[in-house]
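Q: Below you'll find the structure I mean.
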Amino acid sequence: MLFRAEGRMDHGSPHGLRLARAAVVMLSALALAGCADPGAPIAGSEPTPSATPTAGIIRPYSPHAPFGYTSVSPAQLPFGARYLNPASGRQELVLGSLAKTAVLIGDSQAQPTDSWLRKGLEQAGYKVYVAGWGGTGFSVGTPEVHDYAHALRLGDWLLPYGNPALVVVQGGGNDASRNSPDAAIVDGAKTVVSELKESYPASKFLVVGTLARSAADGGGRRTQVDALLGRTAALMGLPFIGCGDWISRYGLAQDLADGVHLTPAGRARLAPSFAQTLRDRGLALG
């Protein structure tokens with residue numbers, strides 16, 4: 001079963017946008033359970049050919065799920081229901097055990113169903129729940145979806161309830177393309193990690209940087225932001241996987257669709273390298 005919702009709907013119809021995003025969330029929940037694989041074109045400043053988001057883009061209203069139970073245990077709620085997590089103060093989706101799940105927050109690099117991030121995590125043993133949206137980042141958003149921290153706070157996308165094995169925060173490309181200052185990127189990264197830890201205090205965390213060419217090969221601001229995120233992750237005491245030279249290191253220039261996004265063939269080539277890096281860092285399952 002496949003659901004496609006246009007990433008840029010009629011801006012004069014916020015209700016229609018909410019309904020489409022609510023449907024994406026519900027089918028995304030089924031996808032995590034192995035029942036569906038929803039997709040939608042990416043919105044934002046880095047459009048990707050055939051890119052498809054795989055998890056919840058939703059506003060604070062949905063006709064498809066309960067609005068949040070404050071007096072009922074999550075164990076008593078149906079699959080896909082919303083639960084008001086008292087620890088975070090946010091509504092989260094009830095999707096069962098997350099013991100083998102990686103929650104991936106990212107931009108259009110993370111969104112395709114065959115993204116190198118998602119497939120790499122799957123090859124490392126995880127089920128993957130993908131949140132975030134194309135065109136967004138640590139300090140920048142789109143007309144529809146805010147930057148990571150504000151999107152989380154405002155319900156632009158929802159987290160699953162529980163204790164995931166790994167929480168991955170990836171990005172920086174849109175911050176780089178819009179020349180966001182270092183201070184804003186650092187503040188955004190620290191803020192979203194802090195917010196995520198309110199939901200997942202016992203989970204492992206990983207920061208993944210900005211896919212780019214090497215500095216000597218024209219990586220420019222993307223490579224600089226990747227290095228900045230590495231320094232920020234170190235200050236937060238979190239593991240970091242830098243990819244600010246991977247296009248050059250792995251010879252992927254011929255697999256670029258538009259200068260910053262990989263073609264399906266390029267994504268398939270890079271996923272095993274990402275999976276191996278997870279293994280090398282002791283972050284793979286099994």
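Chain labels follow the order of the structure tokens: the first chain is A, the next B, and so on; residue numbering restarts at 1 in every chain, and ligands are counted from 1 in their shown order.
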When you look at Leu238 (chain A) with a cut-off of 7 Å (counting only C-alpha atoms), what residues show up, excluding the ones that are within fewer than 5 positions of it in the same chain? I need them as a list in words.
A: Phe205, Leu206 and Ala233 of chain A
Q: Could you make a table, as CSV, of the residues of region 77-112 of chain A that have an atom within 9 Å of an atom of region 144-155 of chain A, each with its nearest atom pair and distance in Å to one decimal, counting only C-alpha atoms, in chain and number order?
A:
residue,atom,partner,partner_atom,distance
A:Arg90,CA,A:Arg153,CA,7.4
A:Gln91,CA,A:Gly155,CA,7.9
A:Ile105,CA,A:Tyr148,CA,8.1
A:Gly106,CA,A:Tyr148,CA,8.3
Q: So, with only C-alpha atoms as the atoms that count, which of A:Val193, A:Leu285, A:Val208, A:Asp187 lies closest to Gly172 (chain A)?
A: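 Distance minimum relative to Gly172 (chain A) lands on A:Val208.
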Q: From a DSSP pass on the backbone, collect the residues of region 75-161 of chain A flagged as strand (DSSP E or B) and hand them back as a PyMOL selection string.
A: chain A and resi 82-85+90-94+101-106+127-132+160-161
